[in-house]
Structures are given as structure tokens and as C-alpha cells.
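Asks: Okay, here's the structure, questions in a sec.
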Amino acid sequence: MSRTYSHILVTGGSGFIGSNFIRFALEQRSDMRITNLDALTYAGNPENLSDIESDERYTFVHGNIGDDKLVRELVANVDAVVHFAAESHVDRSILDSKPFLETNVMGTQCLLDACRHVWSENSDGKAPFAAKRFHHVSTDEVYGSLPLDQPEVMFTEDTPYDPRSPYAASKAASDMLVRAYEHTFGMDCTITNCSNNFGPYHFPEKVIPLFVTNLMEGEKVPLYGDGLNVRDWLHVVDHAEAVLTVLENGKTGETYNVGGNNERSNLELTNSILSIMGFGEEKIRYVEDRAGHDRRYAIDATKIKRELGWQPTRSAWPAALEETVQWYRDHEDWWKRVKSGAYREYYAKQYKAG
Ligand code: NAD
Ligand code: TYD
């Protein structure tokens, strides 16, 4: 069954994935209106959507997903919520986990409660949640860490939760809340758990934009531990397409894993970036490992491929990585502004050991 939505509320739409999702959804669905609720934390940047600001189908609201009154007003006018807003960086959750609990857990609770009440009160005699959907965007990190010596083992939707960083624990808690609202109140919810994204507008504290922009600034790249940790890289627009697919075609109450089938060790990733940019291994600075660093993430995306026909079509390397590096070369103004100010303080604190 395919649904259409005339007006959706996107949370966290000024961040990396949310902004790519909004651009993609507006391109693909000419009848869709989108309201973006974003608190503009250090990671939120209205510039990420400067090209669609004047599109009359797009509205920006500056606010917090934990603001009960505001959130109730906004959900009253939409037929779906796509929830991206989160504190998203593992290293920051190790420095201070409190904002992660506040936004990822309590913020999600606030949104869910608003949908639960407002959507049932305004149902005009129809089933309370008819034609309304809450889509929650989550991560493969809730499943824990995989061993390096069993490459055939991957995360499926049935893998038990085993979050190991404060970030992953907060996302696992939010996933559980979404499931609980579905089960207890009959809300129509779906969840996607996806692997590491890459592409345009990625905040340069995450490994790919950090390494590319460091090299452009003449700096070295700080590689954690032995560099052998593995991530499964997914292009952000493939992710956006998966979220839109699940929003419109996913079954109520279901979870779908989304991955790029593109596993690389951090050392392989680093060497690829160095080679694309014309540098050698002398640019690597091995630094102290991340506390509790998960060894390997790998997604088995069979379910979304088989049931909903989604495929990653933009994630294949080296082309997708080369295009991404080129995007940062072409958008130096964007990342130079992002990398200035308060971010410098964080960076200095994070890498003081090296
Ligand atoms: P991001 O940090 O780039 O953006 C987060 C956005 O949320 C920012 O615009 C920020 O201003 C906003 N925000 C934060 N707290 C808020 C609050 N209390 N109220 C309103 N807005 C708030 O993150 P991202 O990489 O775009 O990730 C988006 C979502 O995808 C997150 O839920 C994350 O857990 C999930 N995810 C990310 C990845 C990845 O590789 N980046 C992988 C899997 C899942
Ligand atoms: P990151 O981009 O922070 O994403 P996540 O922790 O959500 O997977 O990190 C990706 C991988 O890169 C992870 O194994 C940690 C490693 N890494 C480094 O080696 N150096 C760095 O400076 C950063 C930020 C990450």
C-alpha cells in the first residue's frame, strides 16, 4: 500500500541528513509541503537549505522538539512526522551525555506524546491515527559491535539491542519508546536503523568531512587506535530515498535496516581519501583510541530491498567518495564557516592527547 502525504513535519531538518532528506523529498514529491522544526544547535545550519528557502512548500520553524506547546501546534497541521533531530556524535556523548538524553530520549517522548494526543483529539470520528504516521530515524549503533573475524555476520532487524556508547544508548531508548507508543496507544510508527552516512553538508566533526577538510587546511588526519574499525558507508541521498520509501510504503510497526553494503576499515577509508587528494600515509596521525570504540558495524538490508524494492544506487566507491571529496573542494566557504568558532574549542579539547 502506498500512501501520500500532503504536509509533513521534519525534525532536525537543518542538520546533515535532515537537510538532504528535505531537498530530496521536495524534488521527488511536487505536492508535498514540509515544515522543518530545528533548534539550530552547533550542528544545525540554515545554510544547508539556502537553495530551497524560497520554495513556498517549505517552512522553517526555529524551536526545540522538547517544547511541548510548540510541538503540539505543529503536529496538528501535518499528516506525518519524520524525526531526525538528535545529538548525533559519539565522541561528544563521551564528553557529556546529558544533551543526548535530553534531546534523543525526552525530546522524542515529547514528540510522541504530542502526536498521540493531538492526532487522536483531531480525528473527526475516524480511527485516531488514520492516515497519520510517525517515522523515527535511528542508527545501526543500537545493535552494538560485530567481530572483525566473522565477516558473514551482519545486523538484521532481529539482532538484539546492545548499545555501547551513551549516544547509542540514547538512540536505543528512543527506538524502544517509539515501539512502546505503537504497541500501547496504537500509533502508526515505523523505524529505520541505518549505517554511517556520507555526502554533502556533513558536519566536519565526523570522520569523512573532518579528514577531507583537515587535508585541505594542510593538517594531518587523526586516526583512532589501530585504524582497523569497520563502518558500512551509505550515501546520504540513498538514505533519504529509503526514509521516503518507508514513510510511504513501510508497514505499520515495522523496523527496516538500511545500509550501503560498503564496508571499509577506517584505514582503508583514510588511504582512499589520501589517494583521491594526492597525499601519502605521512598525513596520518595515529591518536588515542575512542573509549569503548565499537569494532565493526555492518547492515543486512535484505528486508527493505525485498519488501519495499529499495536499493542503494549512489553509495558505490570510489566514485561516490570522489564526488563527496569534490563537494567539499567546491564548498570551502560552507565548511570554513562551520569549522570556525565554538567548533574549534571542541576540536582542541578532543584531540589534545595527540
Ligand atoms: P546532525 O547532528 O547533523 O543534525 C542534527 C540536527 O538536529 C541539527 O540540525 C540540530 O540543530 C537538530 N537538533 C538537535 N537537537 C534538537 C532539538 N532538541 N530540537 C530540535 N532540533 C534539534 O545529525 P545527522 O547526522 O543529520 O543525523 C540525523 C539523524 O540520523 C539522527 O537521529 C541520527 O541519530 C541518525 N543517524 C545518523 C547517522 C549518520 O551517519 N550521521 C547514521 C545513522 C543514523
Ligand atoms: P564517526 O564519523 O564519528 O561516526 P561513528 O562513530 O558514528 O561511526 O566515526 C567513524 C569512524 O571513524 C569510527 O570508527 C571512529 C573513527 N574516527 C577516527 O578514526 N578519527 C576521528 O577523528 C573521528 C571523528 C572518527
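Labeling convention for the C-alpha cells: chains A, B, ... as they appear, residues from 1 per chain, ligands from 1 in order of appearance.
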Would you pick out the contacts of region 240-250 of chain A at 7 Å or less, using only C-alpha atoms, so that residues sharing its chain but fewer than 5 positions from it are not included, and give the list as a ChimeraX atom specification?
Replies: /A:1-4,20-21,24,135,308,310
Asks: Could you write out the selected residues, including N, CA, C and O atoms, as a PDB file, in the first residue's frame?
Replies:
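Everything below was put into again.pdb:
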ATOM      1  N   MET A   1       0.843  -1.194   0.000  1.00  0.00           N
ATOM      2  CA  MET A   1       0.000   0.000   0.000  1.00  0.00           C
ATOM      3  C   MET A   1       0.886   1.255   0.000  1.00  0.00           C
ATOM      4  O   MET A   1       1.765   1.385   0.835  1.00  0.00           O
ATOM      5  N   SER A   2       0.643   2.136  -0.945  1.00  0.00           N
ATOM      6  CA  SER A   2       1.436   3.355  -0.966  1.00  0.00           C
ATOM      7  C   SER A   2       0.583   4.523  -0.472  1.00  0.00           C
ATOM      8  O   SER A   2      -0.535   4.704  -0.911  1.00  0.00           O
ATOM      9  N   ARG A   3       1.118   5.304   0.435  1.00  0.00           N
ATOM     10  CA  ARG A   3       0.382   6.455   0.957  1.00  0.00           C
ATOM     11  C   ARG A   3       0.966   7.737   0.395  1.00  0.00           C
ATOM     12  O   ARG A   3       2.141   7.787   0.081  1.00  0.00           O
ATOM     13  N   THR A   4       0.162   8.767   0.377  1.00  0.00           N
ATOM     14  CA  THR A   4       0.709  10.072   0.031  1.00  0.00           C
ATOM     15  C   THR A   4       0.485  10.998   1.213  1.00  0.00           C
ATOM     16  O   THR A   4      -0.483  10.836   1.958  1.00  0.00           O
ATOM     17  N   ASN A  20      19.404  16.946   3.594  1.00  0.00           N
ATOM     18  CA  ASN A  20      19.418  16.163   2.352  1.00  0.00           C
ATOM     19  C   ASN A  20      18.065  15.501   2.113  1.00  0.00           C
ATOM     20  O   ASN A  20      17.602  15.399   0.969  1.00  0.00           O
ATOM     21  N   PHE A  21      17.410  15.078   3.197  1.00  0.00           N
ATOM     22  CA  PHE A  21      16.082  14.463   3.046  1.00  0.00           C
ATOM     23  C   PHE A  21      15.068  15.483   2.534  1.00  0.00           C
ATOM     24  O   PHE A  21      14.284  15.202   1.625  1.00  0.00           O
ATOM     25  N   PHE A  24      15.594  16.231  -1.113  1.00  0.00           N
ATOM     26  CA  PHE A  24      15.210  15.074  -1.930  1.00  0.00           C
ATOM     27  C   PHE A  24      13.687  14.926  -1.994  1.00  0.00           C
ATOM     28  O   PHE A  24      13.113  14.739  -3.066  1.00  0.00           O
ATOM     29  N   HIS A 135       7.493   8.559  11.700  1.00  0.00           N
ATOM     30  CA  HIS A 135       8.671   7.801  11.270  1.00  0.00           C
ATOM     31  C   HIS A 135       9.902   8.244  12.061  1.00  0.00           C
ATOM     32  O   HIS A 135      10.262   9.431  12.062  1.00  0.00           O
ATOM     33  N   LEU A 308      10.311  -3.676   0.014  1.00  0.00           N
ATOM     34  CA  LEU A 308       9.948  -2.342  -0.486  1.00  0.00           C
ATOM     35  C   LEU A 308      10.693  -1.953  -1.765  1.00  0.00           C
ATOM     36  O   LEU A 308      10.468  -0.870  -2.315  1.00  0.00           O
ATOM     37  N   TRP A 310      13.741  -1.057  -2.278  1.00  0.00           N
ATOM     38  CA  TRP A 310      14.775  -0.027  -2.189  1.00  0.00           C
ATOM     39  C   TRP A 310      16.147  -0.638  -2.471  1.00  0.00           C
ATOM     40  O   TRP A 310      16.402  -1.787  -2.097  1.00  0.00           O
TER      41      TRP A 310
END
Asks: Within 8 Å of region 35-51 of chain A, counting only C-alpha atoms, which residues show up once you throw out same-chain ones fewer than 2 positions away? Write them as a count of residues only, please.
Replies: 28
Asks: Run DSSP on the backbone of this structure and report the residues of region 121-343 of chain A it assigns to strand (DSSP E or B), as number ranges by chain.
Replies: A: 133-139, 155, 189-194, 197-198, 221-224, 230-232, 234-235, 255-258, 263-265, 284-287, 296, 299
Asks: Which residues sit within 9 Å of ligand 2, counting only C-alpha atoms and all ligand atoms, listed as a VMD selection string?
Replies: chain A and resid 88 to 91 139 141 167 to 168 195 to 198 204 to 211 221 to 232 265 to 267 269 to 270 286 to 287 289 to 290 293 to 297 350 to 351
Asks: Smallest atom-to-atom distance to ligand 1: which of A:Arg92, A:Arg285, A:His202, A:Lys303, using only C-alpha atoms and all ligand atoms?
Replies: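 Ranking A:Arg92, A:Arg285, A:His202, A:Lys303 by distance to ligand 1, first place goes to A:His202.
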Asks: Just checking: using only C-alpha atoms and all ligand atoms, which residue out of A:Arg116, A:Arg29, A:Lys69, A:His235 ends up closest to ligand 1?
Replies: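 Comparing A:Arg116, A:Arg29, A:Lys69, A:His235 against ligand 1, the winner is A:His235.
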Asks: Give the answer as one residue: which of A:Gly144, A:Met216, A:Ser30, A:Arg179 has the shortest atom-to-atom distance to Glu254 (chain A), using only C-alpha atoms?
Replies: A:Arg179
Asks: Applying 12 Å and only C-alpha atoms, which residues near Arg72 (chain A) remain after dropping the ones on its own chain fewer than 6 positions away? List them as an mmCIF file with all heavy atoms, in the first residue's frame.
Replies:
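Resulting contents of around-v9.cif:
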data_model
loop_
_atom_site.group_PDB
_atom_site.id
_atom_site.type_symbol
_atom_site.label_atom_id
_atom_site.label_comp_id
_atom_site.auth_asym_id
_atom_site.auth_seq_id
_atom_site.Cartn_x
_atom_site.Cartn_y
_atom_site.Cartn_z
ATOM 1 N N LEU A 9 5.965 17.077 8.982
ATOM 2 C CA LEU A 9 6.867 17.793 9.884
ATOM 3 C C LEU A 9 8.176 17.012 9.934
ATOM 4 O O LEU A 9 8.186 15.830 10.294
ATOM 5 C CB LEU A 9 6.266 17.875 11.296
ATOM 6 C CG LEU A 9 7.168 18.516 12.357
ATOM 7 C CD1 LEU A 9 7.355 20.014 12.089
ATOM 8 C CD2 LEU A 9 6.592 18.310 13.762
ATOM 9 N N ASN A 64 12.563 23.854 19.685
ATOM 10 C CA ASN A 64 13.086 22.628 20.281
ATOM 11 C C ASN A 64 12.021 21.532 20.262
ATOM 12 O O ASN A 64 10.858 21.806 20.576
ATOM 13 C CB ASN A 64 13.490 22.932 21.730
ATOM 14 C CG ASN A 64 14.430 21.893 22.273
ATOM 15 O OD1 ASN A 64 14.113 20.702 22.313
ATOM 16 N ND2 ASN A 64 15.608 22.337 22.687
ATOM 17 N N ILE A 65 12.421 20.311 19.936
ATOM 18 C CA ILE A 65 11.438 19.204 19.945
ATOM 19 C C ILE A 65 10.932 18.913 21.363
ATOM 20 O O ILE A 65 9.951 18.214 21.537
ATOM 21 C CB ILE A 65 12.000 17.902 19.320
ATOM 22 C CG1 ILE A 65 13.281 17.444 20.038
ATOM 23 C CG2 ILE A 65 12.224 18.068 17.821
ATOM 24 C CD1 ILE A 65 13.687 16.019 19.718
ATOM 25 N N GLY A 66 11.608 19.478 22.369
ATOM 26 C CA GLY A 66 11.140 19.303 23.750
ATOM 27 C C GLY A 66 10.150 20.376 24.186
ATOM 28 O O GLY A 66 9.699 20.382 25.338
ATOM 29 N N VAL A 78 -0.111 18.539 10.391
ATOM 30 C CA VAL A 78 0.597 17.646 9.451
ATOM 31 C C VAL A 78 -0.010 16.246 9.489
ATOM 32 O O VAL A 78 -0.713 15.886 10.433
ATOM 33 C CB VAL A 78 2.113 17.556 9.786
ATOM 34 C CG1 VAL A 78 2.782 18.916 9.658
ATOM 35 C CG2 VAL A 78 2.346 16.958 11.170
ATOM 36 N N VAL A 81 5.121 12.783 10.798
ATOM 37 C CA VAL A 81 6.346 13.348 11.376
ATOM 38 C C VAL A 81 7.502 12.451 10.939
ATOM 39 O O VAL A 81 7.403 11.220 11.013
ATOM 40 C CB VAL A 81 6.272 13.384 12.926
ATOM 41 C CG1 VAL A 81 7.621 13.768 13.525
ATOM 42 C CG2 VAL A 81 5.181 14.338 13.387
ATOM 43 N N CYS A 110 8.484 13.813 23.949
ATOM 44 C CA CYS A 110 7.621 14.985 23.781
ATOM 45 C C CYS A 110 6.899 14.933 22.434
ATOM 46 O O CYS A 110 5.682 15.156 22.343
ATOM 47 C CB CYS A 110 8.485 16.243 23.910
ATOM 48 S SG CYS A 110 7.556 17.761 23.731
ATOM 49 N N LEU A 111 7.630 14.602 21.394
ATOM 50 C CA LEU A 111 7.028 14.499 20.051
ATOM 51 C C LEU A 111 5.971 13.400 19.990
ATOM 52 O O LEU A 111 4.880 13.590 19.454
ATOM 53 C CB LEU A 111 8.107 14.123 19.036
ATOM 54 C CG LEU A 111 8.959 15.198 18.409
ATOM 55 C CD1 LEU A 111 10.016 14.548 17.531
ATOM 56 C CD2 LEU A 111 8.103 16.148 17.570
ATOM 57 N N LEU A 112 6.321 12.242 20.542
ATOM 58 C CA LEU A 112 5.383 11.109 20.518
ATOM 59 C C LEU A 112 4.102 11.455 21.269
ATOM 60 O O LEU A 112 2.992 11.153 20.812
ATOM 61 C CB LEU A 112 6.035 9.869 21.163
ATOM 62 C CG LEU A 112 7.089 9.149 20.329
ATOM 63 C CD1 LEU A 112 7.880 8.176 21.199
ATOM 64 C CD2 LEU A 112 6.437 8.391 19.160
ATOM 65 N N ASP A 113 4.265 12.096 22.419
ATOM 66 C CA ASP A 113 3.085 12.440 23.220
ATOM 67 C C ASP A 113 2.204 13.449 22.500
ATOM 68 O O ASP A 113 0.976 13.352 22.529
ATOM 69 C CB ASP A 113 3.527 13.010 24.566
ATOM 70 C CG ASP A 113 3.005 12.151 25.704
ATOM 71 O OD1 ASP A 113 2.758 10.947 25.462
ATOM 72 O OD2 ASP A 113 2.842 12.694 26.808
ATOM 73 N N ALA A 114 2.842 14.415 21.833
ATOM 74 C CA ALA A 114 2.062 15.407 21.085
ATOM 75 C C ALA A 114 1.262 14.703 19.989
ATOM 76 O O ALA A 114 0.066 14.955 19.827
ATOM 77 C CB ALA A 114 3.004 16.449 20.476
ATOM 78 N N CYS A 115 1.894 13.809 19.253
ATOM 79 C CA CYS A 115 1.179 13.087 18.181
ATOM 80 C C CYS A 115 0.061 12.239 18.770
ATOM 81 O O CYS A 115 -1.065 12.219 18.260
ATOM 82 C CB CYS A 115 2.132 12.184 17.412
ATOM 83 S SG CYS A 115 3.378 13.110 16.520
ATOM 84 N N ARG A 116 0.364 11.556 19.860
ATOM 85 C CA ARG A 116 -0.640 10.697 20.488
ATOM 86 C C ARG A 116 -1.894 11.499 20.840
ATOM 87 O O ARG A 116 -3.010 11.113 20.509
ATOM 88 C CB ARG A 116 -0.018 10.094 21.745
ATOM 89 C CG ARG A 116 -0.987 9.315 22.577
ATOM 90 C CD ARG A 116 -0.448 9.086 23.979
ATOM 91 N NE ARG A 116 -1.538 8.760 24.848
ATOM 92 C CZ ARG A 116 -1.486 8.815 26.159
ATOM 93 N NH1 ARG A 116 -0.380 9.199 26.769
ATOM 94 N NH2 ARG A 116 -2.522 8.495 26.887
ATOM 95 N N HIS A 117 -1.715 12.645 21.500
ATOM 96 C CA HIS A 117 -2.877 13.414 21.965
ATOM 97 C C HIS A 117 -3.546 14.158 20.821
ATOM 98 O O HIS A 117 -4.745 14.032 20.616
ATOM 99 C CB HIS A 117 -2.457 14.401 23.067
ATOM 100 C CG HIS A 117 -2.121 13.695 24.340
ATOM 101 N ND1 HIS A 117 -3.069 13.002 25.064
ATOM 102 C CD2 HIS A 117 -0.958 13.549 25.000
ATOM 103 C CE1 HIS A 117 -2.488 12.464 26.132
ATOM 104 N NE2 HIS A 117 -1.208 12.776 26.113
ATOM 105 N N VAL A 118 -2.741 14.923 20.084
ATOM 106 C CA VAL A 118 -3.337 15.811 19.069
ATOM 107 C C VAL A 118 -3.976 14.984 17.955
ATOM 108 O O VAL A 118 -5.086 15.277 17.515
ATOM 109 C CB VAL A 118 -2.265 16.781 18.516
ATOM 110 C CG1 VAL A 118 -2.832 17.607 17.373
ATOM 111 C CG2 VAL A 118 -1.756 17.670 19.625
ATOM 112 N N TRP A 119 -3.315 13.930 17.505
ATOM 113 C CA TRP A 119 -3.850 13.155 16.390
ATOM 114 C C TRP A 119 -5.098 12.368 16.804
ATOM 115 O O TRP A 119 -5.949 12.091 15.974
ATOM 116 C CB TRP A 119 -2.786 12.212 15.814
ATOM 117 C CG TRP A 119 -1.748 12.943 15.006
ATOM 118 C CD1 TRP A 119 -1.799 14.251 14.617
ATOM 119 C CD2 TRP A 119 -0.516 12.424 14.499
ATOM 120 N NE1 TRP A 119 -0.670 14.570 13.893
ATOM 121 C CE2 TRP A 119 0.139 13.473 13.802
ATOM 122 C CE3 TRP A 119 0.120 11.181 14.557
ATOM 123 C CZ2 TRP A 119 1.373 13.305 13.173
ATOM 124 C CZ3 TRP A 119 1.339 11.007 13.935
ATOM 125 C CH2 TRP A 119 1.966 12.068 13.253
ATOM 126 N N GLU A 121 -7.227 13.506 19.288
ATOM 127 C CA GLU A 121 -8.273 14.513 19.549
ATOM 128 C C GLU A 121 -8.854 15.075 18.249
ATOM 129 O O GLU A 121 -10.035 15.387 18.181
ATOM 130 C CB GLU A 121 -7.684 15.680 20.370
ATOM 131 C CG GLU A 121 -7.518 15.337 21.846
ATOM 132 C CD GLU A 121 -6.454 16.215 22.519
ATOM 133 O OE1 GLU A 121 -6.077 17.257 21.968
ATOM 134 O OE2 GLU A 121 -5.983 15.805 23.607
ATOM 135 N N ASN A 122 -8.005 15.216 17.223
ATOM 136 C CA ASN A 122 -8.463 15.848 15.963
ATOM 137 C C ASN A 122 -8.892 14.822 14.921
ATOM 138 O O ASN A 122 -8.802 15.062 13.733
ATOM 139 C CB ASN A 122 -7.332 16.675 15.325
ATOM 140 C CG ASN A 122 -6.940 17.829 16.208
ATOM 141 O OD1 ASN A 122 -7.577 18.069 17.224
ATOM 142 N ND2 ASN A 122 -5.890 18.542 15.826
#
Asks: Which is closer to ligand 1 than all the others in A:Lys171, A:His183, A:Arg164, A:Lys126, using only C-alpha atoms and all ligand atoms?
Replies: A:Lys171
Asks: Excluding same-chain residues fewer than 4 positions from Asn262 (chain A), what lies within 8 Å of it counting only C-alpha atoms, as a list of chain:residue names?
Replies: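 Counting only the stated atoms, we get A:Asp232, A:Trp233, A:Leu234, A:Ser315, A:Ala316, A:Trp317.
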Asks: Given the selection you just returned, output its residues as a file containing all heavy atoms, formatted as a PDB file, in the first residue's frame.
Replies:
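Saved as selection-v6.pdb:
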ATOM      1  N   ASP A 232      30.084   0.708   7.644  1.00  0.00           N
ATOM      2  CA  ASP A 232      29.384   0.391   6.384  1.00  0.00           C
ATOM      3  C   ASP A 232      28.834   1.711   5.841  1.00  0.00           C
ATOM      4  O   ASP A 232      27.905   2.276   6.405  1.00  0.00           O
ATOM      5  CB  ASP A 232      28.262  -0.608   6.719  1.00  0.00           C
ATOM      6  CG  ASP A 232      27.289  -0.829   5.571  1.00  0.00           C
ATOM      7  OD1 ASP A 232      27.522  -0.343   4.455  1.00  0.00           O
ATOM      8  OD2 ASP A 232      26.274  -1.509   5.815  1.00  0.00           O
ATOM      9  N   TRP A 233      29.424   2.222   4.755  1.00  0.00           N
ATOM     10  CA  TRP A 233      29.148   3.595   4.314  1.00  0.00           C
ATOM     11  C   TRP A 233      27.999   3.672   3.332  1.00  0.00           C
ATOM     12  O   TRP A 233      27.983   2.953   2.320  1.00  0.00           O
ATOM     13  CB  TRP A 233      30.427   4.226   3.730  1.00  0.00           C
ATOM     14  CG  TRP A 233      31.434   4.454   4.815  1.00  0.00           C
ATOM     15  CD1 TRP A 233      32.500   3.646   5.127  1.00  0.00           C
ATOM     16  CD2 TRP A 233      31.422   5.511   5.782  1.00  0.00           C
ATOM     17  NE1 TRP A 233      33.167   4.159   6.225  1.00  0.00           N
ATOM     18  CE2 TRP A 233      32.520   5.302   6.644  1.00  0.00           C
ATOM     19  CE3 TRP A 233      30.597   6.615   5.997  1.00  0.00           C
ATOM     20  CZ2 TRP A 233      32.819   6.152   7.702  1.00  0.00           C
ATOM     21  CZ3 TRP A 233      30.879   7.463   7.057  1.00  0.00           C
ATOM     22  CH2 TRP A 233      31.989   7.224   7.891  1.00  0.00           C
ATOM     23  N   LEU A 234      27.065   4.584   3.622  1.00  0.00           N
ATOM     24  CA  LEU A 234      25.837   4.752   2.831  1.00  0.00           C
ATOM     25  C   LEU A 234      25.740   6.210   2.387  1.00  0.00           C
ATOM     26  O   LEU A 234      25.837   7.123   3.232  1.00  0.00           O
ATOM     27  CB  LEU A 234      24.636   4.423   3.735  1.00  0.00           C
ATOM     28  CG  LEU A 234      23.243   4.695   3.184  1.00  0.00           C
ATOM     29  CD1 LEU A 234      22.888   3.687   2.094  1.00  0.00           C
ATOM     30  CD2 LEU A 234      22.206   4.617   4.315  1.00  0.00           C
ATOM     31  N   SER A 315      25.953   4.812  -3.559  1.00  0.00           N
ATOM     32  CA  SER A 315      26.934   4.615  -2.485  1.00  0.00           C
ATOM     33  C   SER A 315      28.232   3.965  -2.937  1.00  0.00           C
ATOM     34  O   SER A 315      29.163   3.835  -2.136  1.00  0.00           O
ATOM     35  CB  SER A 315      26.308   3.766  -1.369  1.00  0.00           C
ATOM     36  OG  SER A 315      25.183   4.417  -0.827  1.00  0.00           O
ATOM     37  N   ALA A 316      28.301   3.495  -4.205  1.00  0.00           N
ATOM     38  CA  ALA A 316      29.451   2.683  -4.625  1.00  0.00           C
ATOM     39  C   ALA A 316      30.731   3.510  -4.687  1.00  0.00           C
ATOM     40  O   ALA A 316      30.754   4.615  -5.226  1.00  0.00           O
ATOM     41  CB  ALA A 316      29.164   2.058  -5.988  1.00  0.00           C
ATOM     42  N   TRP A 317      31.813   2.943  -4.127  1.00  0.00           N
ATOM     43  CA  TRP A 317      33.130   3.583  -4.151  1.00  0.00           C
ATOM     44  C   TRP A 317      33.940   3.026  -5.304  1.00  0.00           C
ATOM     45  O   TRP A 317      33.694   1.894  -5.714  1.00  0.00           O
ATOM     46  CB  TRP A 317      33.849   3.326  -2.815  1.00  0.00           C
ATOM     47  CG  TRP A 317      33.265   4.140  -1.719  1.00  0.00           C
ATOM     48  CD1 TRP A 317      32.097   4.837  -1.764  1.00  0.00           C
ATOM     49  CD2 TRP A 317      33.786   4.331  -0.413  1.00  0.00           C
ATOM     50  NE1 TRP A 317      31.865   5.451  -0.569  1.00  0.00           N
ATOM     51  CE2 TRP A 317      32.893   5.157   0.287  1.00  0.00           C
ATOM     52  CE3 TRP A 317      34.943   3.889   0.252  1.00  0.00           C
ATOM     53  CZ2 TRP A 317      33.097   5.540   1.604  1.00  0.00           C
ATOM     54  CZ3 TRP A 317      35.147   4.268   1.551  1.00  0.00           C
ATOM     55  CH2 TRP A 317      34.236   5.100   2.230  1.00  0.00           C
TER      56      TRP A 317
END
Asks: Need the shell around Ala180 (chain A): protein/DNA/RNA residues with any atom at most 12 Å away, counting only C-alpha atoms. Skip same-chain ones fewer than 6 positions apart. Format as a compact mmCIF listing (two decimals) with N, CA, C and O atoms, in the first residue's frame?
Replies:
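Everything below was put into selection.txt:
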# COMPACT_ATOMS: atom_id res chain seq x y z
N GLN A 109 10.16 11.65 23.37
CA GLN A 109 8.95 11.44 24.18
C GLN A 109 7.96 12.58 23.99
O GLN A 109 6.75 12.37 23.84
N LEU A 112 6.32 12.24 20.54
CA LEU A 112 5.38 11.11 20.52
C LEU A 112 4.10 11.45 21.27
O LEU A 112 2.99 11.15 20.81
N ASP A 113 4.26 12.10 22.42
CA ASP A 113 3.09 12.44 23.22
C ASP A 113 2.20 13.45 22.50
O ASP A 113 0.98 13.35 22.53
N ARG A 116 0.36 11.56 19.86
CA ARG A 116 -0.64 10.70 20.49
C ARG A 116 -1.89 11.50 20.84
O ARG A 116 -3.01 11.11 20.51
N ALA A 173 17.09 3.85 23.50
CA ALA A 173 15.96 4.20 24.36
C ALA A 173 14.84 4.84 23.53
O ALA A 173 13.65 4.55 23.72
N SER A 174 15.24 5.71 22.58
CA SER A 174 14.20 6.37 21.77
C SER A 174 13.49 5.36 20.87
O SER A 174 12.27 5.42 20.70
N GLY A 186 -1.52 2.32 19.90
CA GLY A 186 -1.97 2.04 18.53
C GLY A 186 -1.52 3.08 17.53
O GLY A 186 -2.09 3.20 16.44
N MET A 187 -0.47 3.86 17.88
CA MET A 187 0.04 4.84 16.91
C MET A 187 0.68 4.11 15.73
O MET A 187 1.20 3.01 15.88
N ASP A 188 0.64 4.76 14.57
CA ASP A 188 1.24 4.17 13.38
C ASP A 188 2.69 4.65 13.28
O ASP A 188 2.94 5.79 12.91
N CYS A 189 3.60 3.78 13.68
CA CYS A 189 5.03 4.17 13.70
C CYS A 189 5.84 3.23 12.82
O CYS A 189 5.53 2.04 12.69
N THR A 190 6.91 3.77 12.24
CA THR A 190 7.92 2.96 11.56
C THR A 190 9.30 3.48 12.02
O THR A 190 9.42 4.62 12.45
N GLY A 253 4.44 -0.37 12.32
CA GLY A 253 5.08 -1.13 13.40
C GLY A 253 6.37 -1.80 13.01
O GLY A 253 7.01 -2.45 13.82
Asks: Report as a PyMOL selection string: the residues of region 252-340 of chain A with a DSSP assignment of helix (DSSP H, G or I), based on the backbone of this structure.
Replies: chain A and resi 266-276+281-283+302-308+319-330+332-338
Asks: Go ahead and write the residues just picked, C-alpha atoms, as an mmCIF file, in the first residue's frame.
Replies:
data_model
loop_
_atom_site.group_PDB
_atom_site.id
_atom_site.type_symbol
_atom_site.label_atom_id
_atom_site.label_comp_id
_atom_site.auth_asym_id
_atom_site.auth_seq_id
_atom_site.Cartn_x
_atom_site.Cartn_y
_atom_site.Cartn_z
ATOM 1 C CA ASN A 266 38.961 3.333 8.825
ATOM 2 C CA LEU A 267 42.493 2.807 7.498
ATOM 3 C CA GLU A 268 41.146 1.813 4.056
ATOM 4 C CA LEU A 269 38.847 4.835 4.128
ATOM 5 C CA THR A 270 41.734 7.112 5.117
ATOM 6 C CA ASN A 271 44.020 5.745 2.400
ATOM 7 C CA SER A 272 41.272 6.249 -0.200
ATOM 8 C CA ILE A 273 40.809 9.882 0.867
ATOM 9 C CA LEU A 274 44.593 10.446 0.875
ATOM 10 C CA SER A 275 44.922 8.964 -2.583
ATOM 11 C CA ILE A 276 41.993 10.986 -4.039
ATOM 12 C CA GLU A 281 50.380 7.995 4.739
ATOM 13 C CA GLU A 282 52.672 10.639 6.291
ATOM 14 C CA LYS A 283 49.475 12.677 6.731
ATOM 15 C CA THR A 302 17.636 -7.614 2.751
ATOM 16 C CA LYS A 303 14.259 -6.740 4.287
ATOM 17 C CA ILE A 304 13.883 -3.228 2.825
ATOM 18 C CA LYS A 305 15.229 -4.453 -0.529
ATOM 19 C CA ARG A 306 12.901 -7.464 -0.699
ATOM 20 C CA GLU A 307 9.734 -5.919 0.765
ATOM 21 C CA LEU A 308 9.948 -2.342 -0.486
ATOM 22 C CA ALA A 319 33.041 7.239 -7.466
ATOM 23 C CA ALA A 320 30.766 8.250 -4.568
ATOM 24 C CA LEU A 321 33.732 9.076 -2.324
ATOM 25 C CA GLU A 322 35.442 11.066 -5.101
ATOM 26 C CA GLU A 323 32.252 13.089 -5.678
ATOM 27 C CA THR A 324 31.984 13.765 -1.959
ATOM 28 C CA VAL A 325 35.588 14.975 -1.745
ATOM 29 C CA GLN A 326 34.873 17.224 -4.738
ATOM 30 C CA TRP A 327 31.794 18.657 -2.982
ATOM 31 C CA TYR A 328 33.983 19.807 -0.055
ATOM 32 C CA ARG A 329 36.505 21.252 -2.533
ATOM 33 C CA ASP A 330 33.670 23.180 -4.182
ATOM 34 C CA GLU A 332 35.115 25.684 1.025
ATOM 35 C CA ASP A 333 33.140 28.723 2.241
ATOM 36 C CA TRP A 334 30.499 26.445 3.765
ATOM 37 C CA TRP A 335 32.852 24.247 5.786
ATOM 38 C CA LYS A 336 35.236 27.054 6.740
ATOM 39 C CA ARG A 337 32.338 28.876 8.399
ATOM 40 C CA VAL A 338 31.145 25.660 10.049
#
Asks: Using only C-alpha atoms and all ligand atoms, find the one residue out of A:Arg314, A:Lys349, A:Lys98, A:His83 that sits nearest to ligand 1.
Replies: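 Ranking A:Arg314, A:Lys349, A:Lys98, A:His83 by distance to ligand 1, first place goes to A:His83.
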Asks: In Å to one decimal, how far is CA of Ala169 (chain A) from CA of Val142 (chain A)?
Replies: 6.8 Å
